[in-house]
Amino acid sequence: MKERIEIISGDITQSDADAIVNAANCSLLGGGGVDGAIHMAAGPELLAECRTLDGCRTGEAKITGGYRLKAKHVIHTPGPRWRDGTHGEPELLASCYRSCLRLAAENGCATVDFPSISTGVYHFPLDRAAEIAVRTIAETLEQYPSITRVRMVCFDSRTQRAYADALAAL
Ligand code: APR
């Protein structure tokens, strides 16, 4: 499955993938980081649709339109806030990736771009998050042949190196 996973650097709001994933919070009403950037780029209709979704639990995902984004859909998933690694954080992070890929497949999205979920404001250790992400994506892609490409869109070189190393070690 590794051949269907790519690690790139860039700004996910410029992505032309069928779906981009938003590292949201449970309210789904926007925030800072990539959440703020995606809402800014998508325009106010995104928030209007998010208001109808009644939030989302950590590790789960909900899908909306992409509005002014090139991407057709945004898949919103609240990642776990890092505490000390003994409160289910690793399992919840894996669940984010599984939930997003399932929704992408169910909605006919062949290409999906992810940001580095939980490694910003939520302080999940980067190397551990990268290992969980690439392993979970590779395992989950086996169930969804209709998803032909998944990219990790990394906002800085440290993040890109962590994901490239994790993919190489898979
Ligand atoms: N494109 C791609 N990646 C980005 C972009 C962007 N435009 N902007 C930020 N990132 C990266 C960050 O550099 C980090 O690597 O996304 C990753 C996730 O960081 P955060 O956006 O802080 O997300 P997270 O750690 O999951 O925290 C989520 O932050 O913004 C709030 O509402 C959000 O409460 C939620 C929390």
# chains A, B, ... in the order shown; residues from 1 in each chain; ligands from 1

$ residues_around --residues "segment 1-18 of chain A" --least-positions-apart "5" --cutoff "10 Å" --atoms "only C-alpha atoms" --output "VMD selection string"
chain A and resid 34 to 35 37 to 42 66 68 to 74 104 107 to 115 134 to 135 137 to 142 145 147 to 157 159 to 165 167 to 168 170

$ select_by_dssp --residues "segment 47-99 of chain A" --states "alpha helix (DSSP H)" --output "list in words"
Leu47, Ala48, Glu49, Cys50, Arg51, Glu89, Pro90, Glu91, Leu92, Leu93, Ala94, Ser95, Cys96, Tyr97, Arg98 and Ser99 of chain A

$ write_last_selection --atoms "C-alpha atoms" --output "mmCIF file, in the first residue's frame"
data_model
loop_
_atom_site.group_PDB
_atom_site.id
_atom_site.type_symbol
_atom_site.label_atom_id
_atom_site.label_comp_id
_atom_site.auth_asym_id
_atom_site.auth_seq_id
_atom_site.Cartn_x
_atom_site.Cartn_y
_atom_site.Cartn_z
ATOM 1 C CA LEU A 47 -18.985 27.241 8.745
ATOM 2 C CA ALA A 48 -22.673 27.463 7.893
ATOM 3 C CA GLU A 49 -22.688 23.773 6.930
ATOM 4 C CA CYS A 50 -20.575 22.842 9.965
ATOM 5 C CA ARG A 51 -23.151 24.489 12.216
ATOM 6 C CA GLU A 89 -4.277 9.151 22.451
ATOM 7 C CA PRO A 90 -2.528 6.725 20.055
ATOM 8 C CA GLU A 91 -5.736 4.758 19.404
ATOM 9 C CA LEU A 92 -7.775 7.935 18.935
ATOM 10 C CA LEU A 93 -5.254 9.320 16.425
ATOM 11 C CA ALA A 94 -5.369 6.060 14.430
ATOM 12 C CA SER A 95 -9.153 6.259 14.549
ATOM 13 C CA CYS A 96 -9.036 9.734 12.935
ATOM 14 C CA TYR A 97 -7.203 8.353 9.893
ATOM 15 C CA ARG A 98 -9.478 5.298 9.623
ATOM 16 C CA SER A 99 -12.664 7.378 9.975
#

$ select_by_dssp --residues "segment 75-107 of chain A" --states "strand (DSSP E or B)" --output "list in words"
Ile75, His76, Thr77 and Pro78 of chain A

$ write_last_selection --atoms "N, CA, C and O atoms" --output "PDB file, in the first residue's frame"
ATOM      1  N   ILE A  75     -13.158  16.823   4.986  1.00  0.00           N
ATOM      2  CA  ILE A  75     -13.504  15.823   6.001  1.00  0.00           C
ATOM      3  C   ILE A  75     -12.916  16.311   7.326  1.00  0.00           C
ATOM      4  O   ILE A  75     -11.704  16.488   7.446  1.00  0.00           O
ATOM      5  N   HIS A  76     -13.782  16.597   8.268  1.00  0.00           N
ATOM      6  CA  HIS A  76     -13.379  17.199   9.545  1.00  0.00           C
ATOM      7  C   HIS A  76     -13.198  16.091  10.585  1.00  0.00           C
ATOM      8  O   HIS A  76     -14.102  15.261  10.776  1.00  0.00           O
ATOM      9  N   THR A  77     -12.040  16.098  11.261  1.00  0.00           N
ATOM     10  CA  THR A  77     -11.820  15.094  12.304  1.00  0.00           C
ATOM     11  C   THR A  77     -11.097  15.737  13.479  1.00  0.00           C
ATOM     12  O   THR A  77     -10.045  16.348  13.308  1.00  0.00           O
ATOM     13  N   PRO A  78     -11.687  15.673  14.687  1.00  0.00           N
ATOM     14  CA  PRO A  78     -10.976  16.164  15.869  1.00  0.00           C
ATOM     15  C   PRO A  78      -9.957  15.124  16.326  1.00  0.00           C
ATOM     16  O   PRO A  78     -10.331  13.983  16.628  1.00  0.00           O
TER      17      PRO A  78
END

$ closest_residue --among "A:Thr119, A:Gln143, A:Thr86, A:Thr58" --to "ligand 1" --atoms "only C-alpha atoms and all ligand atoms"
A:Thr119

$ closest_residue --among "A:Arg128, A:Arg102, A:His87, A:Arg81" --to "ligand 1" --atoms "only C-alpha atoms and all ligand atoms"
A:Arg81

$ closest_residue --among "A:Ala61, A:Val121, A:Leu28, A:Ala105" --to "ligand 1" --atoms "only C-alpha atoms and all ligand atoms"
A:Val121

$ closest_residue --among "A:Val21, A:Gly88, A:Gly79, A:Lys62" --to "Tyr122 of chain A" --atoms "only C-alpha atoms"
A:Gly79

$ closest_residue --among "A:Tyr144, A:Ser118, A:Ala169, A:Ser27" --to "Glu131 of chain A" --atoms "only C-alpha atoms"
A:Ala169

$ closest_residue --among "A:Ser146, A:Ser116, A:Thr136, A:Thr52" --to "ligand 1" --atoms "only C-alpha atoms and all ligand atoms"
A:Ser116

$ decode --residues "segment 120-131 of chain A" --atoms "N, CA and C atoms" --output "mmCIF file, in the first residue's frame"
data_model
loop_
_atom_site.group_PDB
_atom_site.id
_atom_site.type_symbol
_atom_site.label_atom_id
_atom_site.label_comp_id
_atom_site.auth_asym_id
_atom_site.auth_seq_id
_atom_site.Cartn_x
_atom_site.Cartn_y
_atom_site.Cartn_z
ATOM 1 N N GLY A 120 0.109 19.946 16.204
ATOM 2 C CA GLY A 120 0.274 21.394 16.425
ATOM 3 C C GLY A 120 -0.225 21.760 17.810
ATOM 4 N N VAL A 121 -1.323 22.476 17.831
ATOM 5 C CA VAL A 121 -1.930 22.929 19.097
ATOM 6 C C VAL A 121 -2.177 21.768 20.062
ATOM 7 N N TYR A 122 -2.426 20.573 19.497
ATOM 8 C CA TYR A 122 -2.742 19.428 20.386
ATOM 9 C C TYR A 122 -1.503 18.675 20.872
ATOM 10 N N HIS A 123 -0.305 19.133 20.433
ATOM 11 C CA HIS A 123 0.970 18.696 21.025
ATOM 12 C C HIS A 123 1.260 17.203 21.010
ATOM 13 N N PHE A 124 0.666 16.469 20.075
ATOM 14 C CA PHE A 124 0.996 15.043 19.961
ATOM 15 C C PHE A 124 2.435 14.963 19.449
ATOM 16 N N PRO A 125 3.289 14.147 20.089
ATOM 17 C CA PRO A 125 4.686 14.066 19.645
ATOM 18 C C PRO A 125 4.786 13.690 18.160
ATOM 19 N N LEU A 126 5.546 14.471 17.417
ATOM 20 C CA LEU A 126 5.528 14.369 15.957
ATOM 21 C C LEU A 126 5.934 12.987 15.429
ATOM 22 N N ASP A 127 7.042 12.457 15.926
ATOM 23 C CA ASP A 127 7.516 11.175 15.384
ATOM 24 C C ASP A 127 6.509 10.053 15.646
ATOM 25 N N ARG A 128 5.905 10.062 16.822
ATOM 26 C CA ARG A 128 4.911 9.014 17.133
ATOM 27 C C ARG A 128 3.670 9.199 16.268
ATOM 28 N N ALA A 129 3.260 10.446 16.090
ATOM 29 C CA ALA A 129 2.070 10.712 15.264
ATOM 30 C C ALA A 129 2.322 10.266 13.829
ATOM 31 N N ALA A 130 3.501 10.539 13.317
ATOM 32 C CA ALA A 130 3.823 10.169 11.930
ATOM 33 C C ALA A 130 3.804 8.655 11.744
ATOM 34 N N GLU A 131 4.350 7.935 12.718
ATOM 35 C CA GLU A 131 4.372 6.463 12.623
ATOM 36 C C GLU A 131 2.947 5.903 12.644
#
